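Inspection log for the structure reproduced underneath, given as structure tokens.
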Protein chains: 2
Amino acid sequence: MVELRPSQALKLLHDLSFALVRDGETDLSARQITVLLTIYLEPPPHTVRGLAAKLGVTKPVITRALDTMGRLGLLSRRRDDADRRNVVVQRTVKGALYVERLGDLIVERAKELPR
Amino acid sequence: MVELRPSQALKLLHDLSFALVRDGETDLSARQITVLLTIYLEPPPHTVRGLAAKLGVTKPVITRALDTMGRLGLLSRRRDDADRRNVVVQRTVKGALYVERLGDLIVERAKELPR
DNA sequence: AGAGAACAATACGCCTCCGAAACGATCTCC
DNA sequence: GGAGATCGTTTCGGAGGCGTATTGTTCTCT
């Protein structure tokens, strides 16, 4: 439970998106960020099918998101040996660092919010 | 000053982007959200030139963002009568409601975060 | 073993966005 | 009044995302 007023919430969102745009190296969409955070916050394993169902989008959306973020090194894919139809999404060091940095960014911005 | 742990911050971002993706009606990019919140949170007047400089992007990016969000009714444009080269961005009722709803969404999600 | 289901990836046509450059309108200043 | 600066928009070629439909591979079940 975190107490937050609407004006603080909006300023926080503004500051965050502003920081992402300014230092804009990665340029991830809302969908991609959701996929990334789901993978790094929720317990594995994560499959394409499961992610698609969880987010309420089609499978190609997940495949493409994994393509893009895989290219950026934020995650990787591996065939499931138990059932070789499945693809298991794996975390990477680079992805973990990116997510960590993102969390710190929000914490910092939250600290500087007016009372 | 709002206290927030990194894990809480990440869960908040996850829940927010998840909600935006699930109810995905508008589908605004990070840049568009930044423009929208700048207009609604910072004191007017807002010009294309000023917004571009503030966000560190080129002017066409602002023009296109205003096109898209104008089409959605989230804001409107008006020629500046004092200097007719300038375009002044104006807030709309629909835009104000959208921003307000966004703030409430974050506050709600923040409330439900684990201690 | 063979038919059908399940899974991820790909093909296709469409749409939006991007940065750089060019453009038209308007103002400034001598 | 006229040259040059300033402002927002448009154009151009290119890149990437979207949803639907299809494909190739692998598993399941009798």
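Naming scheme: A, B, ... for chains in displayed order of the structure tokens; residues 1 onward per chain; ligands 1 onward as shown.
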
Note to self: Taking only C-alpha atoms (C1' of nucleotides) into account and nothing else, which residues of chain A lie no more than 8 Å away from chain C? Please answer as a list of chain:residue names.
What the structure shows: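 Close enough to count are A:Val48, A:Arg49, A:Pro60, A:Thr63, A:Arg85, A:Asn86, A:Val87.
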
For the selection you just gave me, I'd like the residues written to a file as a JSON list (two decimals), in the first residue's frame, keeping N, CA and C atoms.
[["chain", "number", "residue", "atom", "x", "y", "z"],
["A", 48, "VAL", "N", 5.46, -18.15, -25.16],
["A", 48, "VAL", "CA", 4.79, -17.20, -26.04],
["A", 48, "VAL", "C", 3.28, -17.27, -25.82],
["A", 49, "ARG", "N", 2.79, -18.47, -25.81],
["A", 49, "ARG", "CA", 1.36, -18.70, -25.61],
["A", 49, "ARG", "C", 0.88, -18.09, -24.29],
["A", 60, "PRO", "N", 1.56, -13.48, -32.47],
["A", 60, "PRO", "CA", 2.58, -12.76, -33.24],
["A", 60, "PRO", "C", 3.06, -11.50, -32.53],
["A", 63, "THR", "N", 5.74, -12.79, -30.27],
["A", 63, "THR", "CA", 6.90, -13.19, -31.06],
["A", 63, "THR", "C", 7.70, -11.98, -31.50],
["A", 85, "ARG", "N", 7.80, -28.14, -28.76],
["A", 85, "ARG", "CA", 6.96, -27.14, -29.42],
["A", 85, "ARG", "C", 7.06, -25.80, -28.70],
["A", 86, "ASN", "N", 7.31, -25.89, -27.42],
["A", 86, "ASN", "CA", 7.35, -24.66, -26.60],
["A", 86, "ASN", "C", 8.67, -23.91, -26.70],
["A", 87, "VAL", "N", 8.54, -22.60, -26.55],
["A", 87, "VAL", "CA", 9.72, -21.75, -26.44],
["A", 87, "VAL", "C", 9.69, -21.11, -25.05]]

Item checked: Nearby residues (only C-alpha atoms (C1' of nucleotides)) at most 9 Å from Ile33 (chain B), same-chain spacing under 2 positions excluded, as a list in words ->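 The contact residues come out as Leu13, His14, Ser17 and Phe18 of chain A; Leu28, Ser29, Ala30, Arg31, Val35, Leu36, Leu37 and Thr38 of chain B.
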
Next item on the list: Identify every residue of chain D that has at least one atom within 12 Å of any atom of chain B, counting only C-alpha atoms (C1' of nucleotides), and report the result as a list in words.
Entry: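 Putting it all together, I get DT6, DC7, DG8, DT9, DT10, DT11, DG17 and DC18 of chain D.
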
Next item on the list: Could you list, as a ChimeraX atom specification, the residues of chain B having an atom within 9 Å of chain A when counting only C-alpha atoms?
Entry: /B:1-11,13-18,20-22,27-31,33-38,41,55-57,99-100,102-115

Given the selection you just returned, output its residues as a file containing C-alpha atoms, formatted as a PDB file, in the first residue's frame.
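Final output, result_14.pdb:
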ATOM      1  CA  MET B   1       8.571  13.143  -1.362  1.00  0.00           C
ATOM      2  CA  VAL B   2       7.076   9.707  -1.834  1.00  0.00           C
ATOM      3  CA  GLU B   3       8.792   6.623  -0.495  1.00  0.00           C
ATOM      4  CA  LEU B   4       8.901   3.683  -2.831  1.00  0.00           C
ATOM      5  CA  ARG B   5      11.076   0.612  -3.030  1.00  0.00           C
ATOM      6  CA  PRO B   6      12.442  -0.508  -6.408  1.00  0.00           C
ATOM      7  CA  SER B   7      10.340  -3.668  -6.353  1.00  0.00           C
ATOM      8  CA  GLN B   8       7.233  -1.614  -5.673  1.00  0.00           C
ATOM      9  CA  ALA B   9       8.148   0.847  -8.406  1.00  0.00           C
ATOM     10  CA  LEU B  10       8.562  -1.935 -10.955  1.00  0.00           C
ATOM     11  CA  LYS B  11       5.318  -3.607  -9.987  1.00  0.00           C
ATOM     12  CA  LEU B  13       4.957   0.283 -13.759  1.00  0.00           C
ATOM     13  CA  HIS B  14       4.055  -3.247 -14.727  1.00  0.00           C
ATOM     14  CA  ASP B  15       0.494  -2.916 -13.463  1.00  0.00           C
ATOM     15  CA  LEU B  16       0.062   0.427 -15.167  1.00  0.00           C
ATOM     16  CA  SER B  17       1.377  -0.613 -18.573  1.00  0.00           C
ATOM     17  CA  PHE B  18      -0.551  -3.848 -18.237  1.00  0.00           C
ATOM     18  CA  LEU B  20      -3.035   0.336 -20.616  1.00  0.00           C
ATOM     19  CA  VAL B  21      -2.403  -2.668 -22.860  1.00  0.00           C
ATOM     20  CA  ARG B  22      -5.432  -4.648 -21.679  1.00  0.00           C
ATOM     21  CA  ASP B  27      -2.385   3.176 -27.566  1.00  0.00           C
ATOM     22  CA  LEU B  28      -0.182   6.244 -27.065  1.00  0.00           C
ATOM     23  CA  SER B  29       3.586   6.044 -27.308  1.00  0.00           C
ATOM     24  CA  ALA B  30       5.968   7.273 -24.618  1.00  0.00           C
ATOM     25  CA  ARG B  31       6.576  10.407 -26.636  1.00  0.00           C
ATOM     26  CA  ILE B  33       2.242  10.610 -23.326  1.00  0.00           C
ATOM     27  CA  THR B  34       5.093  12.940 -22.487  1.00  0.00           C
ATOM     28  CA  VAL B  35       3.706  15.617 -24.800  1.00  0.00           C
ATOM     29  CA  LEU B  36       0.203  15.189 -23.416  1.00  0.00           C
ATOM     30  CA  LEU B  37       1.278  15.400 -19.786  1.00  0.00           C
ATOM     31  CA  THR B  38       3.566  18.345 -20.429  1.00  0.00           C
ATOM     32  CA  LEU B  41       0.741  19.696 -16.145  1.00  0.00           C
ATOM     33  CA  LEU B  55      11.607  17.062 -25.030  1.00  0.00           C
ATOM     34  CA  GLY B  56      14.765  17.141 -27.110  1.00  0.00           C
ATOM     35  CA  VAL B  57      13.068  15.959 -30.301  1.00  0.00           C
ATOM     36  CA  VAL B  99      -5.399  12.673 -17.974  1.00  0.00           C
ATOM     37  CA  GLU B 100      -7.522  12.595 -14.844  1.00  0.00           C
ATOM     38  CA  LEU B 102      -4.783   8.154 -15.959  1.00  0.00           C
ATOM     39  CA  GLY B 103      -3.906   9.712 -12.606  1.00  0.00           C
ATOM     40  CA  ASP B 104      -6.648   7.814 -10.842  1.00  0.00           C
ATOM     41  CA  LEU B 105      -5.468   4.590 -12.454  1.00  0.00           C
ATOM     42  CA  ILE B 106      -1.984   5.031 -11.029  1.00  0.00           C
ATOM     43  CA  VAL B 107      -3.279   5.976  -7.588  1.00  0.00           C
ATOM     44  CA  GLU B 108      -5.440   2.863  -7.546  1.00  0.00           C
ATOM     45  CA  ARG B 109      -2.589   0.578  -8.549  1.00  0.00           C
ATOM     46  CA  ALA B 110      -0.292   2.212  -6.001  1.00  0.00           C
ATOM     47  CA  LYS B 111      -2.836   1.572  -3.263  1.00  0.00           C
ATOM     48  CA  GLU B 112      -2.804  -2.127  -4.006  1.00  0.00           C
ATOM     49  CA  LEU B 113       0.969  -2.519  -3.886  1.00  0.00           C
ATOM     50  CA  PRO B 114       2.344  -4.836  -1.204  1.00  0.00           C
ATOM     51  CA  ARG B 115       3.968  -3.092   1.721  1.00  0.00           C
TER      52      ARG B 115
END

Check: So what do you get for CA of Val89 (chain B) versus CA of His46 (chain B), distance-wise?
Finding: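 Here the two named atoms are 5.5 Å from each other.
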
Item checked: CA of Arg71 (chain A) to CA of Leu51 (chain A), straight-line distance in Å ->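 That distance, rounded to one decimal, is 18.7 Å.
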
Notebook entry, point to check: At what distance in Å, to one decimal, does CA of Leu74 (chain A) lie from CA of Thr92 (chain A)?
Noted result: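 Distance reported for this atom pair: 6.0 Å.
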
Next item on the list: Enumerate, as a VMD selection string, the complete set of residues in chain B that a backbone-based DSSP assignment places in strand (DSSP E).
Entry: chain B and resid 46 to 47 75 to 79 87 to 91

Export C-alpha atoms of the chosen residues as an mmCIF file, in the first residue's frame?
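The result, stored in out17.cif:
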data_model
loop_
_atom_site.group_PDB
_atom_site.id
_atom_site.type_symbol
_atom_site.label_atom_id
_atom_site.label_comp_id
_atom_site.auth_asym_id
_atom_site.auth_seq_id
_atom_site.Cartn_x
_atom_site.Cartn_y
_atom_site.Cartn_z
ATOM 1 C CA HIS B 46 2.750 25.601 -25.301
ATOM 2 C CA THR B 47 4.131 25.942 -28.801
ATOM 3 C CA LEU B 75 -6.115 18.577 -27.421
ATOM 4 C CA SER B 76 -6.520 21.249 -30.061
ATOM 5 C CA ARG B 77 -4.432 23.837 -31.879
ATOM 6 C CA ARG B 78 -4.928 27.551 -32.450
ATOM 7 C CA ARG B 79 -2.922 30.160 -34.302
ATOM 8 C CA VAL B 87 0.671 27.662 -32.966
ATOM 9 C CA VAL B 88 -0.650 27.440 -29.432
ATOM 10 C CA VAL B 89 -1.709 24.069 -28.090
ATOM 11 C CA GLN B 90 -4.963 24.095 -26.141
ATOM 12 C CA ARG B 91 -6.388 21.680 -23.645
#
